[in-house]
Amino acid sequence: MSDTPEIPEPGPDGGLGEHPLTAARLARHQEILVGAGYPYRFERSDYAVELHARYGSLSPGEETDDRVTVAGRLMAVRKMGKLVFAVLQDATGRIQLFVDRRTLGDEGFAEFDELDIGDWVGASGVMITTKKGEVSVRIDDFELLAKALRPLPAKWHGLQDVEMRSRRRYLDLMVNEHARTVALTRARIVGELRRQFEARGYVEVETPVLLSQATGALARPFQTHHNALEQDMYLRIATELFLKRLVVGGMERVFEIGRIFRNEGIDATHNPEFTMLESYQAFADYNDIMDMVEEMIAAVALAAVGWTEITYQGKKLDLSPPYRRVRMVDLVAEAVGEPVGFDRPLSEMRDLADRHGLEPGSTWGHGKIIDQLFEELVADDIWEPTFVLDHPKETSPLAREHRDDPNLTERYELFIAGAEYANAFSELNDPLDQRARFEQQARARAGGDEEAHPIDEDFLLALEYGLPPTGGLGIGVDRLVMLLTDQHHIREVILFPTLRPEA
RNA sequence: GGGCCUGUAGCUCAAUAGGCAGAGCAGCGGACUUUUAAUCCGAAGGUCGUGGGUUCGAUUCCCACCGGGCCCA
């Protein structure tokens with residue numbers, strides 16, 4: 001009888017039908033579904049940012065005959081009776097729609113009135129500027145592309161709640177410009193890192209995430225189980241040993257940017273899954289890698305933020321090379337006011353550690369004490385980019401012995417603003433020495449040191465076929481993004497940080 | 001793991017020395033053809049994180065739990 005189709009009863013709608021803020025949106029949505037439905041695609045002619053670039057110089061009140069089609073999310077609506085100003089946000093920015101009844105017609109104008117903030121809309125019209133000079137599209141046609149059944153966070157205060165910004169990152173991205181900026185800057189940083197390595201002849205590779213043994217670093221792994229193989233497996237805690245196997249195989253320059261998993265605490269600088277960049281270059285030593293790293297950091301800063309002189313946590317920071325290069329033992333000696341060489345009796349070194357608030361474990365040698373004194377007394381105070389050189393052999397089981405000192409290794413960490421950004425060494429390539437180092441680690445582990453490497457026999461096998469002299473590097477990508485976007489918490493640079501399930 | 005703080009409307013935040021919980025924005029109804037957080041008028045909107053306890057009465061005090069934040073280890 002009736003020619004208007006019946007609106008279906010609300011099905012399982014998550015309670016949207018009962019809430020006053022969503023009932024009307026849901027009803028409209030169902031009305032559209034029983035009618036013409038939503039379009040499957042939409043042809044846009046221009047992004048918001050392009051229109052501002054092209055028409056920003058029009059004088060106030062100027063009109064053109066240039067037709068454009070825009071699309072985006074409706075973020076604001078200002079109704080003036082027979083005239084409406086609406087704001088559409090696309091991936092690049094915002095553009096105002098000038099919606100007047102004369103141009104759009106009575107029917108279309110009434111339909112536009114039914115739109116809600118948050119709806120996805122496509123619209124066509126001509127480019128004009130308003131009396132106040134705002135670049136706008138005076139629309140003569142529009143289409144509802146998808147309806148937002150839930151209201152957006154407040155337009156002015158946005159979304160502040162840290163928890164919800166992380167849990168519902170899409171809302172954060174919709175309403176907080178800085179969230180979009182950080183996400184885009186991260187993409188630029190990762191892209192530039194790739195370009196830097198590719199320009200130097202490196203090949204990007206992917207090594208396994210799922211392993212029967214998690215090796216190559218000091219960390220507790222996530223454990224899982226493979227049903228068909230009937231064996232426990234572990235998520236990787238580093239990519240190091242697999243990348244070196246590739247160099248053994250003759251891939252002389254390789255790098256990987258990949259997710260690493262460490263089953264440890266969550267705080268401002270640690271997320272259980274994070275992104276690590278590792279690279280290995282045959283025939284290079286750690287000096288070569290230092291030169292490369294300072295060039296790369298500067299290039300990445302330029303690409304990401306446009307300058308090498310940045311502001312971090314309210315202070316100026318210059319990332320242009322060359323970076324200071326200083327030995328760890330010299331920094332520690334300076335901090336404690338006395339020499340900390342390996343020629344001093346171990347008992348004196350243990351006293352020294354005690355006096356500086358450390359509680360040296362029974363397995364600690366000179367090297368571990370020096371390393372811990374550095375962490376405790378020096379690391380936090382380094383501001384300008386600094387390569388801290390020549391770590392003790394004891395705490396660097398994968399690094400090659402220093403050519404001038406058998407107690408040290410050719411290893412450095414790059415410190416900036418009190419945090420570590422890169423870790424690199426002349427790689428240990430003698431399989432016999434590597435086996436001895438692993439065994440020393442195993443003894444420390446048996447002695448109660450949980451921060452000790454397990455032995456990886458399969459890696460030793462590969463080494464026995466010959467690893468050329470190699471310079472290796474690891475960079476914490478998330479921390480680098482934090483530095484370049486001036487964020488003080490890792491959750492701000494990871495789109496979906498690890499959280500407890502919501503109650 | 002320890003300490004401190006925190007959870008109130010869709011969002012951002014108030015208040016209550018234990019006695020009917022408020023505002024701005026958003027939403028709803030109305031006016032308005034040049035707005036930019038539009039403006040004006042009107043009517044609404046709440047399981048005060050969850051569960052116990054004390055009390056005549058608890059959003060407020062106590063306990064536990066859940067989520068979150070900061071600091072320390």
# chains A, B, ... in the order shown; residues from 1 in each chain; ligands from 1
$ select_by_dssp --residues "segment 175-295 of chain A" --states "strand (DSSP E)" --output "PyMOL selection string"
chain A and resi 203-204+210-211+223-226+231-235+253-261+273-282
$ residues_around --residues "segment 21-37 of chain B" --least-positions-apart "3" --cutoff "7 Å" --atoms "only C-alpha atoms (C1' of nucleotides)" --output "PyMOL selection string"
(chain A and resi 21+78+80-83+85+130-131+154+156) or (chain B and resi 14-15)
$ select_by_dssp --residues "segment 183-334 of chain A" --states "alpha helix (DSSP H)" --output "PyMOL selection string"
chain A and resi 183-199+240-248+286-305+328-334
$ atom_distance --atom1 "atom CA of Phe42 of chain A" --atom2 "atom CA of Ile117 of chain A"
19.5 Å
$ atom_distance --atom1 "atom CA of Met328 of chain A" --atom2 "atom CA of Glu240 of chain A"
23.1 Å
